[in-house]
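Chemist: Structure file target13.txt (compact mmCIF, C-alpha atoms) is given on the next line.
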```
# COMPACT_ATOMS: atom_id res chain seq x y z
CA MET A 29 127.64 96.30 90.33
CA VAL A 30 125.41 93.30 89.72
CA ASP A 31 122.39 93.88 87.53
CA VAL A 32 119.25 94.67 89.52
CA GLY A 33 117.08 92.44 87.34
CA ARG A 34 119.28 89.42 87.96
CA VAL A 35 119.35 90.07 91.68
CA ARG A 36 115.57 90.39 91.65
CA ARG A 37 115.30 86.99 89.99
CA HIS A 38 117.63 85.49 92.55
CA PHE A 39 115.47 87.03 95.23
CA GLU A 40 112.29 85.49 93.86
CA ALA A 41 113.99 82.11 93.56
CA HIS A 42 115.80 81.90 96.89
CA ALA A 43 114.38 84.45 99.30
CA GLY A 44 111.86 82.04 100.86
CA ALA A 45 114.40 79.30 101.50
CA LEU A 46 116.86 81.85 102.77
CA MET A 47 114.20 83.13 105.17
CA LEU A 48 113.61 79.60 106.41
CA TYR A 49 117.32 79.14 106.80
CA ALA A 50 117.76 82.43 108.71
CA ARG A 51 114.94 81.47 111.05
CA GLN A 52 117.12 78.74 112.44
CA TRP A 53 118.74 81.58 114.37
CA LEU A 54 116.36 84.51 114.21
CA GLY A 55 112.73 85.48 114.36
CA ALA A 56 110.67 86.54 111.37
CA ALA A 57 111.67 90.18 111.45
CA GLY A 58 115.32 89.48 112.06
CA ALA A 59 115.42 86.82 109.36
CA GLU A 60 113.83 89.16 106.85
CA ASP A 61 116.36 91.87 107.64
CA VAL A 62 119.25 89.48 107.23
CA VAL A 63 117.94 88.16 103.91
CA GLN A 64 117.34 91.63 102.52
CA ASP A 65 120.80 92.70 103.63
CA ALA A 66 122.24 89.73 101.78
CA PHE A 67 120.58 90.82 98.55
CA VAL A 68 121.64 94.41 99.07
CA LYS A 69 125.16 93.13 99.50
CA LEU A 70 124.82 91.07 96.35
CA LEU A 71 123.63 94.12 94.46
CA THR A 72 126.70 96.10 95.48
CA GLN A 73 129.16 93.39 94.46
CA SER A 74 131.48 94.34 91.63
CA ALA A 75 130.73 91.02 89.91
CA GLU A 76 128.20 88.29 90.49
CA PRO A 77 129.63 85.41 92.53
CA ALA A 78 130.26 82.17 90.65
CA ASN A 79 127.84 80.26 92.84
CA VAL A 80 125.22 82.83 93.78
CA ARG A 81 123.09 80.41 95.77
CA ALA A 82 125.95 79.18 97.93
CA TRP A 83 127.16 82.78 98.34
CA LEU A 84 123.71 83.91 99.48
CA TYR A 85 123.39 81.13 102.07
CA ALA A 86 126.87 81.78 103.40
CA THR A 87 126.12 85.50 103.69
CA VAL A 88 122.83 84.88 105.47
CA ARG A 89 124.45 82.37 107.79
CA ASN A 90 127.25 84.71 108.84
CA ALA A 91 124.88 87.63 109.32
CA ALA A 92 122.38 85.55 111.30
CA ILE A 93 125.10 84.25 113.59
CA ASP A 94 126.39 87.78 114.14
CA VAL A 95 122.91 89.02 114.99
CA THR A 96 122.36 86.07 117.29
CA ARG A 97 125.58 86.77 119.15
CA ALA A 98 124.57 90.41 119.52
CA GLY A 99 121.14 89.62 121.03
CA GLN A 100 120.70 85.97 122.00
CA SER A 101 117.67 86.35 124.27
CA ARG A 102 115.74 88.51 121.84
CA SER A 103 116.32 86.08 118.98
CA ALA A 104 115.09 83.13 121.04
CA ARG A 105 111.99 85.04 122.03
CA GLU A 106 111.32 85.97 118.43
CA MET A 107 111.77 82.37 117.33
CA ARG A 108 109.17 81.16 119.84
CA ALA A 109 106.72 83.84 118.74
CA ALA A 110 107.17 83.20 115.02
CA ARG A 111 107.04 79.43 114.77
CA SER A 112 103.87 79.37 112.73
CA GLU A 113 105.34 81.31 109.85
CA TRP A 114 107.97 78.98 108.44
CA PHE A 115 105.89 77.74 105.49
CA ASP A 116 103.11 79.05 103.35
CA ALA A 117 100.32 76.52 103.73
CA ARG A 118 98.70 75.57 100.40
CA PRO A 119 95.77 73.24 99.72
CA GLY A 120 97.76 70.80 97.58
CA ASP A 121 100.63 70.27 100.03
CA LEU A 122 101.49 66.66 100.74
CA LEU A 123 102.33 67.57 104.33
CA ASP A 124 100.72 69.80 106.85
CA ALA A 125 102.90 72.91 107.12
CA ALA A 126 102.44 73.16 110.86
CA ASP A 127 103.38 69.51 111.37
CA ALA A 128 106.45 69.91 109.19
CA GLN A 129 107.46 72.94 111.12
CA ALA A 130 106.96 71.17 114.41
CA ALA A 131 109.01 68.23 113.19
CA LEU A 132 111.80 70.54 112.07
CA ALA A 133 111.71 72.42 115.35
CA ARG A 134 112.28 69.17 117.25
CA LEU A 135 115.59 68.72 115.50
CA GLY A 136 118.80 70.09 116.75
CA ARG A 137 120.11 73.15 115.00
CA GLU A 138 122.93 71.26 113.26
CA HIS A 139 120.58 68.66 111.79
CA ARG A 140 117.94 71.22 110.89
CA GLU A 141 120.49 73.41 109.14
CA VAL A 142 121.69 70.60 106.92
CA ILE A 143 118.13 69.58 105.97
CA VAL A 144 117.06 73.13 105.16
CA LEU A 145 120.13 73.72 103.04
CA ARG A 146 119.73 70.46 101.18
CA VAL A 147 115.93 70.22 100.82
CA TRP A 148 114.80 73.84 100.36
CA GLY A 149 118.11 75.50 99.52
CA GLY A 150 118.96 73.00 96.83
CA LEU A 151 122.64 72.84 97.76
CA THR A 152 124.52 69.62 97.25
CA LEU A 153 125.91 67.83 100.25
CA ALA A 154 129.39 68.94 99.18
CA GLU A 155 128.27 72.60 99.17
CA VAL A 156 126.58 72.13 102.52
CA ALA A 157 129.75 70.58 103.90
CA GLU A 158 131.77 73.52 102.71
CA LEU A 159 129.27 76.02 104.10
CA VAL A 160 129.08 74.54 107.57
CA ALA A 161 132.76 73.65 107.52
CA GLU A 162 132.23 70.01 108.31
CA PRO A 163 133.30 66.83 106.48
CA PRO A 164 130.80 65.46 103.94
CA SER A 165 130.41 62.29 105.95
CA THR A 166 129.32 64.28 108.98
CA VAL A 167 126.90 66.30 106.88
CA TYR A 168 125.47 63.17 105.33
CA SER A 169 125.04 61.59 108.74
CA ARG A 170 123.18 64.64 110.03
CA TYR A 171 121.05 64.73 106.89
CA ARG A 172 120.01 61.11 107.09
CA THR A 173 119.40 61.20 110.85
CA GLY A 174 117.38 64.39 110.56
CA LEU A 175 115.18 63.02 107.79
CA ALA A 176 114.59 59.85 109.75
CA THR A 177 113.58 61.84 112.80
CA ILE A 178 111.17 63.96 110.79
CA ARG A 179 109.67 60.89 109.15
CA GLU A 180 109.14 59.21 112.48
CA HIS A 181 107.54 62.34 113.89
CA MET A 182 105.26 62.71 110.91
CA GLU A 183 104.25 59.05 111.03
CA ALA A 184 103.52 59.36 114.72
CA THR A 185 101.47 62.47 114.13
CA CYS A 186 99.47 60.83 111.36
CA ALA A 187 98.85 57.78 113.54
CA THR A 188 97.60 59.96 116.36
CA ARG A 189 95.20 61.79 114.05
CA ARG A 190 93.86 58.53 112.66
CA THR A 191 93.28 57.30 116.19
CA LYS A 192 91.42 60.52 117.13
CA ASN A 193 89.28 60.36 114.02
CA MET B 26 144.29 70.33 101.58
CA ARG B 27 140.68 69.54 100.77
CA ASP B 28 139.84 68.55 97.22
CA PRO B 29 136.37 69.94 96.40
CA THR B 30 135.95 67.62 93.41
CA ASN B 31 136.77 64.54 95.46
CA GLU B 32 134.53 65.73 98.28
CA GLU B 33 131.66 66.33 95.87
CA LEU B 34 132.04 62.84 94.49
CA ASN B 35 132.15 61.46 97.97
CA ALA B 36 129.07 63.45 98.94
CA ASP B 37 127.22 62.27 95.87
CA ASP B 38 128.19 58.72 96.64
CA LEU B 39 127.01 59.18 100.17
CA GLU B 40 123.69 60.66 99.07
CA ALA B 41 123.19 57.72 96.74
CA GLN B 42 123.39 55.52 99.79
CA LEU B 43 120.44 57.35 101.40
CA PRO B 44 117.59 54.94 102.27
CA ALA B 45 114.49 55.19 100.12
CA ALA B 46 112.28 56.21 103.02
CA GLU B 47 114.47 59.23 103.82
CA ARG B 48 114.73 60.02 100.13
CA GLU B 49 110.95 60.04 99.90
CA MET B 50 110.72 62.13 103.06
CA ALA B 51 113.05 64.67 101.57
CA ALA B 52 110.96 64.91 98.40
CA THR B 53 107.79 65.36 100.45
CA LEU B 54 109.34 68.10 102.54
CA ALA B 55 110.55 69.86 99.41
CA SER B 56 106.94 70.23 98.28
CA LEU B 57 106.37 72.71 101.10
CA ARG B 58 107.05 76.31 100.14
CA PRO B 59 108.90 78.42 102.71
CA ALA B 60 107.27 81.69 103.65
CA SER B 61 108.67 84.49 101.57
CA PRO B 62 109.75 87.85 102.92
CA SER B 63 107.56 90.89 102.39
CA GLY B 64 108.81 91.46 98.84
CA ALA B 65 111.56 92.56 96.60
CA ASP B 66 110.63 96.22 96.70
CA ALA B 67 111.79 96.59 100.28
CA TRP B 68 115.34 95.45 99.73
CA VAL B 69 115.55 97.35 96.43
CA GLU B 70 114.74 100.52 98.34
CA ARG B 71 117.31 99.59 100.93
CA ALA B 72 119.82 98.90 98.18
CA LEU B 73 119.21 102.35 96.73
CA ALA B 74 119.60 103.89 100.18
CA GLY B 75 122.70 101.85 100.80
CA PRO B 76 125.25 104.34 99.50
CA VAL B 77 123.79 107.05 101.72
CA VAL B 78 123.92 104.76 104.73
CA ARG B 79 127.44 103.71 103.94
CA SER B 80 128.48 107.30 103.43
CA SER B 81 127.11 108.34 106.80
CA GLY B 82 128.78 105.31 108.29
CA ARG B 83 132.12 106.36 106.82
CA GLN B 84 131.65 109.89 108.16
CA LEU B 85 130.91 108.44 111.56
CA TRP B 86 134.16 106.50 111.43
CA VAL B 87 136.04 109.60 110.34
CA TRP B 88 134.73 111.54 113.31
CA ARG B 89 135.45 108.65 115.60
CA GLY B 90 138.99 108.57 114.28
CA ILE B 91 139.43 112.28 114.83
CA ALA B 92 138.07 112.00 118.34
CA ALA B 93 140.36 109.08 119.05
CA ALA B 94 143.39 110.99 117.71
CA LEU B 95 142.54 113.98 119.88
CA ALA B 96 142.10 111.74 122.90
CA VAL B 97 145.46 110.10 122.24
CA GLY B 98 147.12 113.50 121.82
CA LEU B 99 145.61 114.81 125.02
CA GLY B 100 146.66 111.71 126.90
CA GLY B 101 150.18 111.98 125.54
CA ALA B 102 150.39 115.62 126.49
CA LEU B 103 149.27 114.82 130.00
CA LEU B 104 151.78 112.01 130.31
CA LEU B 105 154.72 113.89 128.80
CA ARG B 106 154.19 117.26 130.40
CA PRO B 107 157.09 118.45 132.60
CA GLU B 108 156.73 118.13 136.32
CA PRO B 109 156.04 121.33 138.20
CA ARG B 110 159.18 123.04 139.56
CA VAL B 111 159.39 122.85 143.33
CA VAL B 112 161.23 125.69 145.08
CA GLU B 113 163.37 123.96 147.69
CA ARG B 114 165.09 127.02 149.16
CA VAL B 115 165.47 130.69 148.51
CA VAL B 116 169.01 132.15 148.59
CA VAL B 117 169.23 135.87 149.18
CA ARG B 118 172.45 137.40 147.89
CA GLU B 119 173.33 140.99 148.54
CA VAL B 120 174.83 142.68 145.55
CA ALA B 121 176.59 146.04 145.75
CA VAL B 122 174.83 148.41 143.44
CA ARG B 123 176.20 151.85 142.55
CA GLU B 124 173.51 154.16 143.64
CA THR B 125 172.86 157.09 141.46
CA VAL B 126 171.35 160.14 143.05
CA PRO B 127 168.80 161.70 140.83
CA THR B 128 169.58 165.27 139.97
CA PRO B 129 166.71 167.64 140.45
CA PRO B 130 165.73 169.44 137.34
CA ILE B 131 167.22 172.84 136.88
CA GLU B 132 164.73 175.53 136.24
CA MET B 133 165.52 178.20 133.71
CA GLU B 134 164.63 180.75 136.29
CA GLN B 135 167.35 179.46 138.56
CA LEU B 136 169.90 179.69 135.79
CA THR B 137 169.06 183.19 134.78
CA GLY B 138 168.64 184.52 138.29
CA ALA B 139 171.50 182.67 139.85
CA ALA B 140 173.52 185.66 140.79
CA PRO B 141 171.84 187.99 143.28
CA ALA B 142 171.66 191.51 142.13
CA ARG B 143 173.61 193.00 144.95
CA ALA B 144 173.94 196.26 143.15
CA GLY B 145 170.23 196.75 143.58
CA TRP B 146 170.36 196.86 147.34
CA PRO B 147 168.82 199.94 148.94
CA ALA B 148 171.15 202.83 149.59
CA ARG B 149 170.29 202.86 153.27
CA VAL B 150 171.41 199.30 153.68
CA LEU B 151 174.65 199.99 151.85
CA ALA B 152 175.24 203.07 153.96
CA ASP B 153 174.76 201.04 157.09
CA LEU B 154 177.12 198.40 155.80
CA PHE B 155 179.92 200.70 154.78
CA GLY B 156 179.47 203.56 157.29
CA GLY B 157 178.59 206.22 154.75
CA PRO B 158 177.07 206.88 151.39
CA VAL B 159 178.01 204.38 148.68
CA ALA B 160 178.77 205.84 145.30
CA GLY B 161 178.42 202.57 143.39
CA VAL B 162 178.84 198.91 143.54
CA VAL B 163 180.92 196.93 141.10
CA GLU B 164 179.96 193.30 140.83
CA ALA B 165 182.78 190.86 141.19
CA PRO B 166 183.28 188.35 138.41
CA ASP B 167 181.22 185.21 138.72
CA SER B 168 184.32 183.13 139.20
CA ASP B 169 185.18 185.08 142.29
CA ARG B 170 182.01 184.41 144.14
CA ALA B 171 183.07 181.96 146.76
CA ASP B 172 180.22 182.61 149.03
CA GLU B 173 177.35 182.35 146.60
CA SER B 174 174.60 179.89 147.23
CA TYR B 175 174.79 176.24 146.42
CA VAL B 176 172.02 176.45 143.89
CA ALA B 177 173.73 179.22 141.96
CA LEU B 178 177.06 177.43 142.08
CA ARG B 179 175.53 174.22 140.84
CA ALA B 180 173.78 176.09 138.10
CA ARG B 181 177.07 177.55 136.96
CA VAL B 182 178.75 174.17 137.05
CA VAL B 183 175.97 172.70 134.99
CA GLU B 184 176.14 175.59 132.59
CA ARG B 185 179.92 175.94 132.16
CA GLY B 186 181.43 172.80 133.59
CA VAL B 187 183.63 172.07 136.57
CA ASP B 188 186.30 174.51 135.40
CA VAL B 189 184.42 177.34 136.99
CA LEU B 190 185.40 175.89 140.40
CA ARG B 191 189.13 176.33 139.71
CA PRO B 192 190.78 179.71 140.09
CA ALA B 193 191.95 181.34 136.91
CA ALA B 194 195.62 181.04 136.04
CA GLY B 195 196.53 184.68 136.68
CA ALA B 196 194.00 185.28 139.37
CA PRO B 197 195.22 186.22 142.81
CA SER B 198 194.89 183.62 145.48
CA GLY B 199 192.56 184.14 148.37
CA ARG B 200 189.13 185.45 148.41
CA PRO B 201 188.64 188.32 146.01
CA GLY B 202 185.97 190.48 147.42
CA ALA B 203 183.61 192.70 145.61
CA VAL B 204 185.05 196.08 144.56
CA VAL B 205 183.11 198.72 146.30
CA THR B 206 183.76 202.38 145.90
CA ILE B 207 182.51 204.37 148.79
CA GLY B 208 182.66 208.09 148.62
CA GLY B 209 186.02 209.27 147.18
CA ALA B 210 188.85 207.31 145.75
CA ASP B 211 190.68 207.25 149.05
CA ASP B 212 188.01 205.61 150.95
CA VAL B 213 188.74 202.26 152.23
CA ALA B 214 187.32 199.53 150.22
CA ARG B 215 185.85 196.68 152.02
CA GLY B 216 186.87 194.29 149.41
CA ARG B 217 190.23 193.92 147.79
CA VAL B 218 191.39 192.91 144.38
CA GLY B 219 194.61 190.96 144.40
CA GLY B 220 197.11 191.45 147.19
CA ALA B 221 198.50 189.03 149.73
CA PRO B 222 196.40 186.18 150.87
CA ARG B 223 194.62 186.62 154.09
CA ALA B 224 192.37 184.53 156.28
CA ARG B 225 189.09 183.65 154.82
CA ARG B 226 186.37 185.68 156.34
CA PRO B 227 182.68 184.87 156.48
CA ALA B 228 180.39 186.06 153.86
CA TRP B 229 179.67 189.75 153.78
CA TRP B 230 176.05 189.35 154.53
CA LEU B 231 176.83 187.31 157.65
CA GLU B 232 178.89 190.22 158.94
CA TYR B 233 175.96 192.47 158.31
CA PHE B 234 173.61 190.31 160.30
CA ASP B 235 176.16 189.93 163.07
CA ALA B 236 176.45 193.70 163.42
CA LYS B 237 172.83 194.60 163.02
CA PRO B 238 169.77 193.06 164.54
CA PRO B 239 167.50 191.48 162.02
CA LEU B 240 165.10 193.84 160.36
```
Would you write out, as structure tokens, the structure that this file holds?

Modeler:
Amino acid sequence: MVDVGRVRRHFEAHAGALMLYARQWLGAAGAEDVVQDAFVKLLTQSAEPANVRAWLYATVRNAAIDVTRAGQSRSAREMRAARSEWFDARPGDLLDAADAQAALARLGREHREVIVLRVWGGLTLAEVAELVAEPPSTVYSRYRTGLATIREHMEATCATRRTKN
Amino acid sequence: MRDPTNEELNADDLEAQLPAAEREMAATLASLRPASPSGADAWVERALAGPVVRSSGRQLWVWRGIAAALAVGLGGALLLRPEPRVVERVVVREVAVRETVPTPPIEMEQLTGAAPARAGWPARVLADLFGGPVAGVVEAPDSDRADESYVALRARVVERGVDVLRPAAGAPSGRPGAVVTIGGADDVARGRVGGAPRARRPAWWLEYFDAKPPL
């Protein structure tokens, strides 16, 4: 059994990003359940996985997909109701949390998944490619395209605000 | 087969090719902090309750397995049970059976009182029968009673066997009557002992009732 203290540290380090990742499929409540189940599962492992972060994201991904298959309509409804909770807004943020969330929401799920895993999950593109079972070139293409789309959306949003002001 | 090391190098090479604008966008996005779940305490509690949940889950599967096994057994029994036997025709065969006639029970009273006590008849009746006073009556042996009742005869057969129906070796043939002494020694006896065979006559009491009207 993995040490509780180590699992707690992993939780504090990765739980938020894992929540954001799970919300690509689920609402807030469902995402939280899936993330907590992943840590419970980690706690009951006989030995700590070699790459805990990649293991956690893979576990959350599989569980979220299973939950989504079990109740597709409920998950979509929860996602629409919980769109304002993806980020904790702080005064010193370089971006507006709501705008970033809106920009992410405009992306397709495949592009959004790659960006979340790479930007907030901290996985390398090779680890992302292995997790989503796609070639690295495909993952890189989605990553670059997604970032470009977000940048364009953010620039357009900023331009609109400047015009209004 | 995929080579993770080669793929990682390729991915790193690819990421190095990322335009500066997208690289800057990625760094800006990374400054945002995702919303955290409610806290670590919740999943720790769930982790502690996990074994109980898993145990109940295992028990549920055990019961499901038992129920499934019973269902399979019941289904198999229903499928493999023999078909009901249909009676197509009934054949009646008559079988000869030796019929045994039940023998009525023999009462002790019948056995002991089988022989009628003829010697106890009233003197008037005897005088009427033999035309004068009767000095005494000597009972004939049991084997000589040819005219005794069926019940008495059967009782004797049951008691002594079928040999009682055969005449004794030295016994005279014919019907030995009762020895009756009437009056003196010269009186004529109605019954005889020994002597030549003669025609069988009816029982003595039938003669009496033929001669006299019923009392």

Chemist: Could you check which residues have any atom within 6 Å of (122.9, 67.1, 105.3), counting all atoms listed in the file with coordinates taken straight from the file, and then list them as an NGL selection string?

Modeler: :A and (142-143 or 153 or 167-168 or 170-171)

Chemist: Report as a ChimeraX atom specification the set of chain A residues whose atoms approach chain B to within 9 Å, with distances computed over all atoms listed in the file.

Modeler: /A:32,36,39-40,42-48,56,59-61,63-65,67-69,71-72,113-118,121-125,128,143,146-148,152-155,157-158,163-165,167-168,172-176,178-179

Chemist: Kindly give the distance, in Å, that separates CA of Leu54 in chain A and CA of Leu70 in chain A, rounded to a single decimal.

Modeler: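 Atom-to-atom, CA of Leu54 in chain A and CA of Leu70 in chain A are spaced 20.8 Å apart.
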
Chemist: For CA of Val87 in chain B and CA of Gly100 in chain B, determine how far apart the two atoms are, in Å to one decimal place.

Modeler: 19.8 Å

Chemist: Please measure the separation of CA of Asp127 in chain A and CA of Cys186 in chain A, giving the value in Å to one decimal.

Modeler: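 Between CA of Asp127 in chain A and CA of Cys186 in chain A the gap works out to 9.5 Å.
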
Chemist: May I have the centre and edge lengths, in Å to one decimal, of an axis-aligned box around the listed atoms of range 138-153 of chain A with 8 Å added to every side, as JSON?

Modeler:
```
{"center_x": 120.4, "center_y": 71.7, "center_z": 105.0, "size_x": 27.1, "size_y": 23.7, "size_z": 32.4}
```

Chemist: Name the closest residue to Met29 in chain A among the candidates A:Arg189, A:Ala57, A:Ala66, A:Ser74; distances are taken between atoms, counting all atoms listed in the file.

Modeler: A:Ser74
